[in-house]
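All remarks here apply to the structure that follows.
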Amino acid sequence: MTTATLGAGRPRSLGRVPGLRYAITPIALCGVLLALYAWLGAQNLDSIESRSLTREVLFAKAVEHIQMTLVATALVVVIAIPLGIVASRARNRLITPVILTVANLGQAIPCIGLLVLCTFLLGVGFQTALVGLVAYAVLPVLRNTMVGVQQVDPALIEAARGMGMTRGQILRRVELKLAVPAILAGLRTALVLTVGVATLGAFVAAGGFGELIINGLKLNRMPVTIAGAVLTASIAFFIDWLGGLAENLLKPRGI
Amino acid sequence: MNFSEYVVSRWDTLSLAAGEHALVVGVAIGVSTAVGVGIGLLAHDLPKTRGISLAISAAILTVPSLALLTLLIPITGLGWGSTLVALTAYAFLPIIRNTVAGLRGVDASMVEAGRGMGMSRTRVLLKVRLPLAWPLILTGVRVATQMLIGIAAIAAYVDGPGLGTQIFEGLSRLGSVNALNATLAGTLGIVVIAVLFDLFFFAVRQLTIPRGLRVRS
Amino acid sequence: MFDRDTGGASIELRALTKHYPGQPAPAVDHVDLDIPAGELVVFVGPSGCGKTTTMKMINRLVEPTSGEIRIGGEDVLSLHPDELRRHIGYAIQQVGLFPHLTIGQNIGLVPNLLGWSAAKTADRVEELLSLVNLEASAFHDRYPRELSGGQQQRVGVARALAADPPVMLMDEPFGATDPITREHLQNEFVKLQKQLRKTIIFVTHDFEEAIKLGDRIAVLKERSHIAQYDTPANILANPADDYVAGFIGADATLKRLALLRVADVECGQQPGSANLPQIAADASLREALDVMLAHGTDRCGSPSGVLTYGALCEAVGTEPAPAPRLQSVGSGSTPVRTAPVPDAARGEAVGT
């Protein structure tokens with residue numbers, strides 16, 4: 001946007017992204033998954049176990065898990081960022097402490113309780129899990145957006161006003177750009193939170209890797225549970241890794 | 001049976017579960033604070049150790065709670081053992097991070113003043129850095145506690161103690177008369193515990209933070 | 001916007017008042033001021049006297065309660081505030097460079113807001129960087145955090161100049177730099193303004209800076225009342241009241257000497273000037289006096305002749321009283337007092 005219209009050329013990189021650091025997570029994850037595969041292969045799986053761990057089942061669970069996470073996160077972005085911006089405006093600053101308090105208290109509401117309560121209203125299934133996930137992840141993003149925008153140095157706002165930027169331009173070109181790191185950090189937190197809570201989606205029949213854990217425990221088949229747990233953890237690390245990459249790519253240079 | 005009747009009739013079970021919930025969180029947070037602050041004190045000045053301890057505690061927090069709890073079953077068994085280990089491990093990140101940030105955030109001039117009047121490094125750490133970092137450390141412990149209270153609910157699924165049992169009871173009896181009551185009792189009970197812990201930390205804050213740091217400039 | 005024939009546009013303030021709601025007294029009370037086009041006027045006064053508020057009303061960062069502002073004859077209050085600000089340069093003490101934009105993007109921001117073409121903006125950015133003595137190729141793509149304080153201030157000035165505004169408002173733009181950098185920036189800025197002739201309002205609480213930079217100085221009291229509005233030389237020579245005199249300090253005459261160059265004073269051609277301590281033509285008279293004191297003489301040599309102590313006195317408008325002269329008699333070096341000097345006369349000659 002601004003970069004293109006100002007014709008200011010490509011910004012020089014401020015310190016290179018250390019490639020090795022970003023390679024560690026995927027390499028470690030591959031190792032863990034290979035170990036899991038080898039371990040499962042060495043077990044004498046009975047019919048129930050092998051039926052729960054076919055390629056098709058695992059693929060379907062992965063899709064369900066990722067779908068839940070991404071749809072919930074997308075909804076959180078759509079809901080929480082605009083609300084955070086509205087809450088950050090000067091005339092709305094009175095509600096800042098209210099949001100911060102609710103955000104902190106909301107953390108204390110157990111997500112499993114929230115999910116089960118949602119099923120009383122909406123029945124079991126994907127939508128229920130989604131409502132629970134979104135309700136749980138909105139607050140951190142809302143809070144980070146609000147705080148991120150409010151933290152922008154007042155001298156910069158004054159400079160922007162002094163050079164004749166409109167309120168909208170100041171918001172888009174200065175305040176939001178400078179709040180990006182805070183917003184992204186909030187989103188990454190929300191994303192990791194959502195991957196974890198999505199595991200609990202299995203309790204309300206929304207699928208995901210949590211289902212393997214629960215079924216394994218119910219049927220007393222430890223290999224299934226272990227496979228589910230390792231896969232859940234792997235997907236959480238993978239999403240967190242993606243979040244870290246996105247954070248570095250989207251962060252404005254110079255900050 | 002409405003909600004209040006349910007709470008009254010199950011008061012013994014509920015209060016016992018609430019007590020256990022608070023206890024397991026309290027023990028976990030106690031262990032985690034002792035170890036975490038210790039690690040913070042040792043590591044705040046050593047970039048490598050600091051980086052590694054923060055990376056490991058962040059990685060632990062990335063593992064979804066249900067996964068960590070079930071992965072612990074083969075090692076620490078069902079129930080209290082796995083619950084305590086998992087909760088303690090989860091609390092490390094906020095505590096270590098805030099301890100390190102607090103100790104490192106102390107104004108360099110104050111450290112220099114302490115050194116200048118002849119205090120040893122250890123003395124500066126304990127007499128200058130630690131008191132000044134204490135508010136931030138306390139915040140870290142508080143945040144960790146709130147988080148653990150929520151996670152402890154899930155531990156009920158691996159036969160852990162606490163109010164989570166009520167929530168899972170509600171889930172397993174979906175459609176029955178008391179399903180909603182049990183879930184509500186578990187969820188609200190946990191919120192009440194969270195509020196009580198917060199009040200406790202508020203009191204600790206008032207009692208332990210030096211007056212000079214509380215007065216507004 | 002703003003008709004102008006020179007680099008700048010005139011500014012008129014009429015009964016300009018700002019009364020914040022809930023305050024007993026107005027922060028700025030009926031200020032009247034005429035600033036001729038192309039002049040640099042310094043608002044100087046203690047903190048809280050309303051000088052910044054007065055300045056900010058001109059680009060309407062602070063909306064006046066009542067009164068009139070005209071720039072180049074045009075009523076500022078009838079214009080759209082954002083549009084108005086795009087045509088007024090603005091530099092502040094904190095500089096306020098946007099950390100997420102490169103230096104080039106920071107400077108090109110106002111041209112961009114005004115809808116200039118990319119090519120025109122790029123040319124202008126290049127031109128401005130060299131104007132403030134920063135090498136375009138080295139600084140264009142850097143980020144503000146990579147620059148020193150002094151460099152950031154220069155970029156701040158360049159950014160304020162970006163759209164070639166007739167009027168610039170500067171709020172202690174060199175206030176946050178160390179004394180050496182500040183002196184350097186001031187010197188550069190004086191040269192720059194000689195070349196550009198913008199109409200500039202410059203706010204500072206540093207009277208030395210005011211003398212150094214201002215074509216005129218407005219000494220402000222509380223509520224932005226103007227205690228005196230005149231050229232630096234006139235204010236130093238004839239302070240309007242005790243308030244202004246107090247602001248100048250005890251060394252008014254020395255400050256006046258600092259405003260005058262050796263080249264401005266007539267030097268008598270006398271033989272033997274080669275043996276005297278030498279002073280450059282573009283040095284100030286204050287420096288000349290310093291040389292005389294350091295060498296214990298009452299004269300020094302300049303490229304155009306001999307500069308005497310008497311000439312210094314004349315330059316600041318005092319009678320060169322028969323000062324104690326140190327004269328060599330014959331080959332001996334015993335100083336002889338040629339005329340008795342009453343103490344009072346000596347006091348007057350030195351000036352108080």
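Scheme for the structure tokens: letters A, B, ... for chains in order shown; per-chain residue numbers from 1; ligand numbers from 1 in order shown.
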| task | Can you list, as number ranges by chain, all residues belonging to stretch 106-320 of chain C that DSSP tags as strand (DSSP E)? | result | C: 167-171, 199-204, 216-220, 226-230, 299-302, 305-308
Store the residues of this selection in a file with N, CA and C atoms, as a compact mmCIF listing (two decimals), in the first residue's frame.
```
# COMPACT_ATOMS: atom_id res chain seq x y z
N VAL C 167 4.60 28.16 5.15
CA VAL C 167 4.67 28.43 6.58
C VAL C 167 5.14 27.18 7.30
N MET C 168 6.05 27.37 8.26
CA MET C 168 6.48 26.23 9.07
C MET C 168 6.31 26.56 10.54
N LEU C 169 5.86 25.56 11.29
CA LEU C 169 5.75 25.71 12.74
C LEU C 169 6.74 24.73 13.36
N MET C 170 7.57 25.23 14.26
CA MET C 170 8.59 24.35 14.84
C MET C 170 8.56 24.48 16.35
N ASP C 171 8.31 23.38 17.02
CA ASP C 171 8.18 23.38 18.47
C ASP C 171 9.43 22.76 19.09
N THR C 199 8.19 31.49 6.02
CA THR C 199 7.70 32.14 7.23
C THR C 199 7.68 31.06 8.31
N ILE C 200 8.46 31.30 9.38
CA ILE C 200 8.60 30.24 10.38
C ILE C 200 8.25 30.77 11.75
N ILE C 201 7.45 30.00 12.46
CA ILE C 201 7.27 30.28 13.88
C ILE C 201 8.01 29.19 14.63
N PHE C 202 8.89 29.63 15.51
CA PHE C 202 9.81 28.72 16.18
C PHE C 202 9.62 28.91 17.68
N VAL C 203 9.22 27.85 18.37
CA VAL C 203 8.98 27.96 19.80
C VAL C 203 10.18 27.40 20.56
N THR C 204 10.64 28.15 21.56
CA THR C 204 11.73 27.64 22.38
C THR C 204 11.66 28.31 23.75
N ARG C 216 12.93 38.04 14.27
CA ARG C 216 12.29 38.74 15.37
C ARG C 216 12.03 37.76 16.49
N ILE C 217 11.90 38.34 17.68
CA ILE C 217 11.59 37.51 18.83
C ILE C 217 10.33 38.06 19.49
N ALA C 218 9.41 37.18 19.82
CA ALA C 218 8.27 37.57 20.65
C ALA C 218 8.50 36.97 22.03
N VAL C 219 8.77 37.86 23.01
CA VAL C 219 8.96 37.38 24.37
C VAL C 219 7.58 37.29 25.01
N LEU C 220 7.20 36.09 25.44
CA LEU C 220 5.84 35.88 25.94
C LEU C 220 5.82 35.72 27.45
N ILE C 226 2.17 39.27 24.98
CA ILE C 226 3.46 39.60 24.36
C ILE C 226 4.13 40.71 25.15
N ALA C 227 5.24 40.39 25.79
CA ALA C 227 5.96 41.39 26.57
C ALA C 227 6.74 42.32 25.65
N GLN C 228 7.32 41.75 24.60
CA GLN C 228 8.05 42.55 23.63
C GLN C 228 8.15 41.77 22.33
N TYR C 229 8.02 42.48 21.23
CA TYR C 229 8.10 41.84 19.91
C TYR C 229 8.99 42.70 19.05
N ASP C 230 10.21 42.27 18.81
CA ASP C 230 11.16 43.12 18.09
C ASP C 230 12.32 42.26 17.59
N ARG C 299 43.20 45.95 21.45
CA ARG C 299 43.01 45.94 20.01
C ARG C 299 43.47 44.60 19.43
N CYS C 300 42.91 44.31 18.29
CA CYS C 300 43.40 43.14 17.61
C CYS C 300 43.31 43.35 16.11
N GLY C 301 44.06 42.55 15.38
CA GLY C 301 44.11 42.75 13.95
C GLY C 301 43.08 41.91 13.24
N SER C 302 42.42 42.52 12.24
CA SER C 302 41.50 41.75 11.42
C SER C 302 41.93 41.93 9.97
N GLY C 305 41.96 45.55 8.94
CA GLY C 305 42.67 46.58 9.70
C GLY C 305 42.76 46.24 11.16
N VAL C 306 42.71 47.28 11.99
CA VAL C 306 42.83 47.05 13.42
C VAL C 306 41.50 47.32 14.09
N LEU C 307 41.06 46.36 14.91
CA LEU C 307 39.80 46.50 15.63
C LEU C 307 40.15 46.91 17.05
N THR C 308 39.58 48.05 17.50
CA THR C 308 39.93 48.51 18.84
C THR C 308 38.78 48.27 19.80
```
| field | Who sits within 6 Å of C:Thr102, only C-alpha atoms, same chain under 5 positions skipped, as number ranges by chain | value | C: 141-143
Residue subset to file, keeping N, CA and C atoms, as a PDB file, in the first residue's frame:
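Contents of result_0.pdb, as written:
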```
ATOM      1  N   ASP C 141      16.612   4.478   2.452  1.00  0.00           N
ATOM      2  CA  ASP C 141      15.923   3.232   2.791  1.00  0.00           C
ATOM      3  C   ASP C 141      16.146   2.784   4.233  1.00  0.00           C
ATOM      4  N   ARG C 142      16.772   3.651   5.025  1.00  0.00           N
ATOM      5  CA  ARG C 142      16.964   3.257   6.417  1.00  0.00           C
ATOM      6  C   ARG C 142      15.709   3.569   7.227  1.00  0.00           C
ATOM      7  N   TYR C 143      15.671   2.996   8.432  1.00  0.00           N
ATOM      8  CA  TYR C 143      14.535   3.254   9.319  1.00  0.00           C
ATOM      9  C   TYR C 143      14.962   4.212  10.424  1.00  0.00           C
TER      10      TYR C 143
END
```
Please, which residues of stretch 45-100 of chain C, numbered as in this document, come out helix (DSSP H, G or I) from DSSP, as a compact mmCIF listing (two decimals) with N, CA and C atoms, in the first residue's frame?
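Generated output (states.txt):
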```
# COMPACT_ATOMS: atom_id res chain seq x y z
N LYS C 51 3.00 29.47 24.81
CA LYS C 51 3.61 29.68 23.50
C LYS C 51 3.32 28.54 22.55
N THR C 52 3.37 27.30 23.05
CA THR C 52 3.07 26.16 22.18
C THR C 52 1.59 26.14 21.79
N THR C 53 0.72 26.48 22.75
CA THR C 53 -0.72 26.52 22.44
C THR C 53 -0.98 27.55 21.34
N THR C 54 -0.35 28.72 21.47
CA THR C 54 -0.54 29.76 20.45
C THR C 54 -0.11 29.22 19.08
N MET C 55 1.06 28.56 19.05
CA MET C 55 1.54 28.04 17.78
C MET C 55 0.60 26.97 17.23
N LYS C 56 0.13 26.08 18.10
CA LYS C 56 -0.71 24.99 17.62
C LYS C 56 -2.08 25.46 17.14
N MET C 57 -2.47 26.67 17.53
CA MET C 57 -3.73 27.18 17.00
C MET C 57 -3.59 27.54 15.53
N ILE C 58 -2.35 27.86 15.12
CA ILE C 58 -2.15 28.27 13.73
C ILE C 58 -2.37 27.11 12.77
N VAL C 76 -7.77 31.17 8.07
CA VAL C 76 -7.41 29.78 8.35
C VAL C 76 -8.59 29.00 8.93
N LEU C 77 -9.41 29.70 9.72
CA LEU C 77 -10.49 29.00 10.42
C LEU C 77 -11.60 28.56 9.48
N SER C 78 -11.58 29.08 8.24
CA SER C 78 -12.62 28.65 7.31
C SER C 78 -12.16 27.46 6.48
N PRO C 81 -9.37 21.59 8.49
CA PRO C 81 -8.13 21.47 9.28
C PRO C 81 -7.09 20.53 8.67
N ASP C 82 -7.51 19.36 8.20
CA ASP C 82 -6.53 18.40 7.65
C ASP C 82 -5.86 18.97 6.41
N GLU C 83 -6.68 19.58 5.55
CA GLU C 83 -6.17 20.17 4.32
C GLU C 83 -5.19 21.30 4.67
N LEU C 84 -5.58 22.11 5.65
CA LEU C 84 -4.73 23.21 6.10
C LEU C 84 -3.36 22.70 6.54
N ARG C 85 -3.36 21.64 7.35
CA ARG C 85 -2.11 21.16 7.93
C ARG C 85 -1.16 20.60 6.87
N ARG C 86 -1.72 20.11 5.78
CA ARG C 86 -0.85 19.59 4.72
C ARG C 86 -0.04 20.71 4.07
```
Could the residues of chain A that have an atom at most 10 Å from chain B be listed as JSON lines, each with its closest atom pair and the distance in Å to one decimal, counting only C-alpha atoms and ordered by chain and ascending residue number?
```
{"residue": "A:Asn104", "atom": "CA", "partner": "B:Gln146", "partner_atom": "CA", "distance": 8.4}
{"residue": "A:Leu105", "atom": "CA", "partner": "B:Val195", "partner_atom": "CA", "distance": 7.9}
{"residue": "A:Gly106", "atom": "CA", "partner": "B:Val191", "partner_atom": "CA", "distance": 8.9}
{"residue": "A:Gln107", "atom": "CA", "partner": "B:Met147", "partner_atom": "CA", "distance": 6.7}
{"residue": "A:Ala108", "atom": "CA", "partner": "B:Gln146", "partner_atom": "CA", "distance": 5.3}
{"residue": "A:Ile109", "atom": "CA", "partner": "B:Val191", "partner_atom": "CA", "distance": 5.7}
{"residue": "A:Pro110", "atom": "CA", "partner": "B:Gly150", "partner_atom": "CA", "distance": 4.2}
{"residue": "A:Cys111", "atom": "CA", "partner": "B:Gly150", "partner_atom": "CA", "distance": 6.9}
{"residue": "A:Ile112", "atom": "CA", "partner": "B:Ile154", "partner_atom": "CA", "distance": 6.7}
{"residue": "A:Gly113", "atom": "CA", "partner": "B:Thr187", "partner_atom": "CA", "distance": 5.2}
{"residue": "A:Leu114", "atom": "CA", "partner": "B:Thr187", "partner_atom": "CA", "distance": 7.5}
{"residue": "A:Leu115", "atom": "CA", "partner": "B:Leu171", "partner_atom": "CA", "distance": 9.7}
{"residue": "A:Val116", "atom": "CA", "partner": "B:Leu171", "partner_atom": "CA", "distance": 6.3}
{"residue": "A:Leu117", "atom": "CA", "partner": "B:Thr183", "partner_atom": "CA", "distance": 6.9}
{"residue": "A:Thr119", "atom": "CA", "partner": "B:Leu174", "partner_atom": "CA", "distance": 8.8}
{"residue": "A:Phe120", "atom": "CA", "partner": "B:Leu180", "partner_atom": "CA", "distance": 7.2}
{"residue": "A:Gly123", "atom": "CA", "partner": "B:Leu174", "partner_atom": "CA", "distance": 9.6}
{"residue": "A:Val124", "atom": "CA", "partner": "B:Leu174", "partner_atom": "CA", "distance": 9.9}
{"residue": "A:Thr189", "atom": "CA", "partner": "B:Thr62", "partner_atom": "CA", "distance": 9.5}
{"residue": "A:Val192", "atom": "CA", "partner": "B:Thr62", "partner_atom": "CA", "distance": 6.6}
{"residue": "A:Leu193", "atom": "CA", "partner": "B:Pro64", "partner_atom": "CA", "distance": 8.1}
{"residue": "A:Thr194", "atom": "CA", "partner": "B:Pro64", "partner_atom": "CA", "distance": 9.4}
{"residue": "A:Val195", "atom": "CA", "partner": "B:Pro64", "partner_atom": "CA", "distance": 7.3}
{"residue": "A:Gly196", "atom": "CA", "partner": "B:Pro64", "partner_atom": "CA", "distance": 4.3}
{"residue": "A:Val197", "atom": "CA", "partner": "B:Pro64", "partner_atom": "CA", "distance": 7.3}
{"residue": "A:Ala198", "atom": "CA", "partner": "B:Pro64", "partner_atom": "CA", "distance": 9.0}
{"residue": "A:Thr199", "atom": "CA", "partner": "B:Leu66", "partner_atom": "CA", "distance": 7.1}
{"residue": "A:Leu200", "atom": "CA", "partner": "B:Leu66", "partner_atom": "CA", "distance": 7.5}
{"residue": "A:Phe203", "atom": "CA", "partner": "B:Leu171", "partner_atom": "CA", "distance": 8.0}
{"residue": "A:Val204", "atom": "CA", "partner": "B:Leu171", "partner_atom": "CA", "distance": 8.4}
{"residue": "A:Phe209", "atom": "CA", "partner": "B:Ala67", "partner_atom": "CA", "distance": 9.5}
{"residue": "A:Gly210", "atom": "CA", "partner": "B:Leu66", "partner_atom": "CA", "distance": 7.7}
{"residue": "A:Ile213", "atom": "CA", "partner": "B:Thr70", "partner_atom": "CA", "distance": 7.5}
{"residue": "A:Ile214", "atom": "CA", "partner": "B:Tyr157", "partner_atom": "CA", "distance": 9.0}
{"residue": "A:Gly216", "atom": "CA", "partner": "B:Thr70", "partner_atom": "CA", "distance": 9.9}
{"residue": "A:Leu217", "atom": "CA", "partner": "B:Thr70", "partner_atom": "CA", "distance": 8.5}
{"residue": "A:Met222", "atom": "CA", "partner": "B:Pro74", "partner_atom": "CA", "distance": 8.6}
{"residue": "A:Thr225", "atom": "CA", "partner": "B:Thr70", "partner_atom": "CA", "distance": 7.1}
{"residue": "A:Ile226", "atom": "CA", "partner": "B:Leu71", "partner_atom": "CA", "distance": 6.2}
{"residue": "A:Ala227", "atom": "CA", "partner": "B:Leu71", "partner_atom": "CA", "distance": 9.4}
{"residue": "A:Gly228", "atom": "CA", "partner": "B:Ala67", "partner_atom": "CA", "distance": 7.5}
{"residue": "A:Ala229", "atom": "CA", "partner": "B:Ala67", "partner_atom": "CA", "distance": 4.2}
{"residue": "A:Val230", "atom": "CA", "partner": "B:Ala67", "partner_atom": "CA", "distance": 7.0}
{"residue": "A:Leu231", "atom": "CA", "partner": "B:Ala67", "partner_atom": "CA", "distance": 8.7}
{"residue": "A:Thr232", "atom": "CA", "partner": "B:Ala67", "partner_atom": "CA", "distance": 6.5}
{"residue": "A:Ala233", "atom": "CA", "partner": "B:Val63", "partner_atom": "CA", "distance": 4.9}
{"residue": "A:Ser234", "atom": "CA", "partner": "B:Val63", "partner_atom": "CA", "distance": 8.0}
{"residue": "A:Ile235", "atom": "CA", "partner": "B:Val63", "partner_atom": "CA", "distance": 9.1}
{"residue": "A:Ala236", "atom": "CA", "partner": "B:Thr62", "partner_atom": "CA", "distance": 6.3}
{"residue": "A:Phe237", "atom": "CA", "partner": "B:Thr62", "partner_atom": "CA", "distance": 6.4}
{"residue": "A:Phe238", "atom": "CA", "partner": "B:Thr62", "partner_atom": "CA", "distance": 9.9}
{"residue": "A:Ile239", "atom": "CA", "partner": "B:Thr62", "partner_atom": "CA", "distance": 9.6}
{"residue": "A:Asp240", "atom": "CA", "partner": "B:Thr62", "partner_atom": "CA", "distance": 7.6}
```
Same residues, C-alpha atoms, output as a CSV table (one decimal), in the first residue's frame:
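Heads up, here's the output in out.csv:
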```csv
chain,number,residue,atom,x,y,z
A,104,ASN,CA,-8.8,-11.6,32.8
A,105,LEU,CA,-11.8,-13.2,34.4
A,106,GLY,CA,-12.7,-14.9,31.2
A,107,GLN,CA,-9.4,-16.7,31.4
A,108,ALA,CA,-10.6,-18.3,34.6
A,109,ILE,CA,-13.8,-19.8,33.1
A,110,PRO,CA,-12.7,-23.4,32.3
A,111,CYS,CA,-13.0,-23.9,28.6
A,112,ILE,CA,-14.4,-27.4,29.1
A,113,GLY,CA,-17.2,-25.9,31.2
A,114,LEU,CA,-17.9,-23.4,28.5
A,115,LEU,CA,-18.0,-26.1,25.8
A,116,VAL,CA,-20.4,-28.3,27.7
A,117,LEU,CA,-22.6,-25.3,28.6
A,119,THR,CA,-24.0,-28.0,24.1
A,120,PHE,CA,-27.1,-27.3,26.3
A,123,GLY,CA,-26.6,-29.5,20.9
A,124,VAL,CA,-23.4,-31.3,20.0
A,189,THR,CA,-1.7,-16.8,21.5
A,192,VAL,CA,-2.3,-21.9,20.1
A,193,LEU,CA,-5.1,-21.6,22.7
A,194,THR,CA,-7.6,-22.7,20.0
A,195,VAL,CA,-5.6,-25.7,18.9
A,196,GLY,CA,-5.5,-26.9,22.5
A,197,VAL,CA,-9.2,-26.2,23.1
A,198,ALA,CA,-10.1,-27.8,19.8
A,199,THR,CA,-8.8,-31.0,21.4
A,200,LEU,CA,-11.7,-30.7,23.8
A,203,PHE,CA,-16.1,-34.1,24.0
A,204,VAL,CA,-18.9,-32.4,22.1
A,209,PHE,CA,-7.4,-35.5,17.4
A,210,GLY,CA,-9.0,-35.3,20.8
A,213,ILE,CA,-7.3,-39.6,23.1
A,214,ILE,CA,-10.9,-40.0,24.4
A,216,GLY,CA,-8.3,-44.7,23.6
A,217,LEU,CA,-9.1,-44.0,27.2
A,222,MET,CA,-3.2,-46.9,25.3
A,225,THR,CA,-4.5,-42.4,23.3
A,226,ILE,CA,-0.8,-42.0,23.0
A,227,ALA,CA,-1.0,-41.6,19.2
A,228,GLY,CA,-3.8,-39.0,19.7
A,229,ALA,CA,-1.8,-37.1,22.3
A,230,VAL,CA,1.4,-37.0,20.3
A,231,LEU,CA,-0.5,-35.9,17.2
A,232,THR,CA,-2.4,-33.2,19.1
A,233,ALA,CA,0.9,-31.9,20.5
A,234,SER,CA,2.5,-32.0,17.1
A,235,ILE,CA,-0.2,-30.0,15.5
A,236,ALA,CA,-0.1,-27.4,18.3
A,237,PHE,CA,3.7,-27.0,17.8
A,238,PHE,CA,3.2,-26.9,14.0
A,239,ILE,CA,0.5,-24.2,14.3
A,240,ASP,CA,2.6,-22.2,16.8
```
| request: Quick one: everything within 10 Å of C:Gln153, counting only C-alpha atoms, minus sequence neighbours fewer than 3 positions away in the same chain. Send it as a PyMOL selection string. | output: chain C and resi 91-97+132+147-150+156-159+173-177+181-182+185
For N, CA and C atoms, I'd like the residues from the last selection saved as an mmCIF file, in the first residue's frame.
```
data_model
loop_
_atom_site.group_PDB
_atom_site.id
_atom_site.type_symbol
_atom_site.label_atom_id
_atom_site.label_comp_id
_atom_site.auth_asym_id
_atom_site.auth_seq_id
_atom_site.Cartn_x
_atom_site.Cartn_y
_atom_site.Cartn_z
ATOM 1 N N ALA C 91 7.283 20.659 12.764
ATOM 2 C CA ALA C 91 8.361 19.843 13.344
ATOM 3 C C ALA C 91 8.286 19.966 14.856
ATOM 4 N N ILE C 92 8.420 18.832 15.548
ATOM 5 C CA ILE C 92 8.302 18.856 17.007
ATOM 6 C C ILE C 92 9.554 18.284 17.668
ATOM 7 N N GLN C 93 9.641 18.557 18.974
ATOM 8 C CA GLN C 93 10.836 18.160 19.715
ATOM 9 C C GLN C 93 11.071 16.656 19.666
ATOM 10 N N GLN C 94 9.982 15.872 19.789
ATOM 11 C CA GLN C 94 10.145 14.408 19.797
ATOM 12 C C GLN C 94 10.351 13.874 18.388
ATOM 13 N N VAL C 95 10.414 14.762 17.414
ATOM 14 C CA VAL C 95 10.579 14.468 16.000
ATOM 15 C C VAL C 95 9.367 13.712 15.448
ATOM 16 N N GLY C 96 9.001 12.589 16.101
ATOM 17 C CA GLY C 96 7.807 11.884 15.662
ATOM 18 C C GLY C 96 7.952 11.245 14.297
ATOM 19 N N LEU C 97 9.144 10.727 13.981
ATOM 20 C CA LEU C 97 9.281 9.946 12.746
ATOM 21 C C LEU C 97 8.574 8.612 12.939
ATOM 22 N N VAL C 132 19.258 18.841 3.802
ATOM 23 C CA VAL C 132 19.575 18.749 5.230
ATOM 24 C C VAL C 132 20.873 17.967 5.462
ATOM 25 N N LEU C 147 18.971 5.719 13.029
ATOM 26 C CA LEU C 147 19.624 7.020 12.921
ATOM 27 C C LEU C 147 19.938 7.591 14.295
ATOM 28 N N SER C 148 20.953 8.463 14.353
ATOM 29 C CA SER C 148 21.262 9.147 15.599
ATOM 30 C C SER C 148 20.226 10.250 15.827
ATOM 31 N N GLY C 149 20.223 10.793 17.048
ATOM 32 C CA GLY C 149 19.262 11.834 17.389
ATOM 33 C C GLY C 149 19.340 13.029 16.446
ATOM 34 N N GLY C 150 20.576 13.472 16.171
ATOM 35 C CA GLY C 150 20.756 14.628 15.289
ATOM 36 C C GLY C 150 20.265 14.345 13.889
ATOM 37 N N GLY C 156 13.396 15.168 10.456
ATOM 38 C CA GLY C 156 12.180 15.847 10.901
ATOM 39 C C GLY C 156 11.996 17.173 10.175
ATOM 40 N N VAL C 157 13.081 17.943 10.059
ATOM 41 C CA VAL C 157 13.008 19.223 9.353
ATOM 42 C C VAL C 157 12.712 18.995 7.871
ATOM 43 N N ALA C 158 13.383 17.992 7.289
ATOM 44 C CA ALA C 158 13.146 17.691 5.875
ATOM 45 C C ALA C 158 11.687 17.304 5.648
ATOM 46 N N ARG C 159 11.133 16.516 6.588
ATOM 47 C CA ARG C 159 9.747 16.083 6.437
ATOM 48 C C ARG C 159 8.803 17.282 6.517
ATOM 49 N N PRO C 173 12.414 22.151 17.980
ATOM 50 C CA PRO C 173 12.816 20.983 17.188
ATOM 51 C C PRO C 173 14.218 20.484 17.531
ATOM 52 N N PHE C 174 15.038 21.329 18.157
ATOM 53 C CA PHE C 174 16.401 20.874 18.490
ATOM 54 C C PHE C 174 16.547 20.638 19.984
ATOM 55 N N GLY C 175 15.391 20.649 20.692
ATOM 56 C CA GLY C 175 15.431 20.624 22.154
ATOM 57 C C GLY C 175 15.997 19.350 22.745
ATOM 58 N N ALA C 176 15.845 18.232 22.027
ATOM 59 C CA ALA C 176 16.201 16.958 22.645
ATOM 60 C C ALA C 176 17.609 16.495 22.286
ATOM 61 N N THR C 177 18.402 17.367 21.648
ATOM 62 C CA THR C 177 19.746 16.936 21.243
ATOM 63 C C THR C 177 20.808 17.511 22.182
ATOM 64 N N THR C 181 25.521 18.886 19.104
ATOM 65 C CA THR C 181 24.661 18.599 17.960
ATOM 66 C C THR C 181 23.691 19.749 17.738
ATOM 67 N N ARG C 182 23.180 20.298 18.844
ATOM 68 C CA ARG C 182 22.200 21.358 18.734
ATOM 69 C C ARG C 182 22.801 22.581 18.037
ATOM 70 N N LEU C 185 23.112 21.862 14.397
ATOM 71 C CA LEU C 185 21.824 21.902 13.704
ATOM 72 C C LEU C 185 21.344 23.340 13.544
#
```
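Of the residues under consideration (C:Leu257, C:Val31, C:Val125, C:Ala210), C:Val125 shows the shortest atom-to-atom contact distance to chain A when counting only C-alpha atoms.
Interatomic distance, atom CA of C:Glu266 to atom CA of C:Ala280: 14.0 Å.
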| said: Using only C-alpha atoms, which protein or nucleic acid residues come within 12 Å of stretch 200-212 of chain B? Drop anything in the same chain fewer than 2 positions from it, and give the result as a ChimeraX atom specification. | reply: /B:26,128,130-146,193-198,214-217
| message | Which residue is closest to chain A? Choose from C:Thr17, C:Asn112, C:Thr65, C:Gln23 and count only C-alpha atoms. | response | C:Asn112
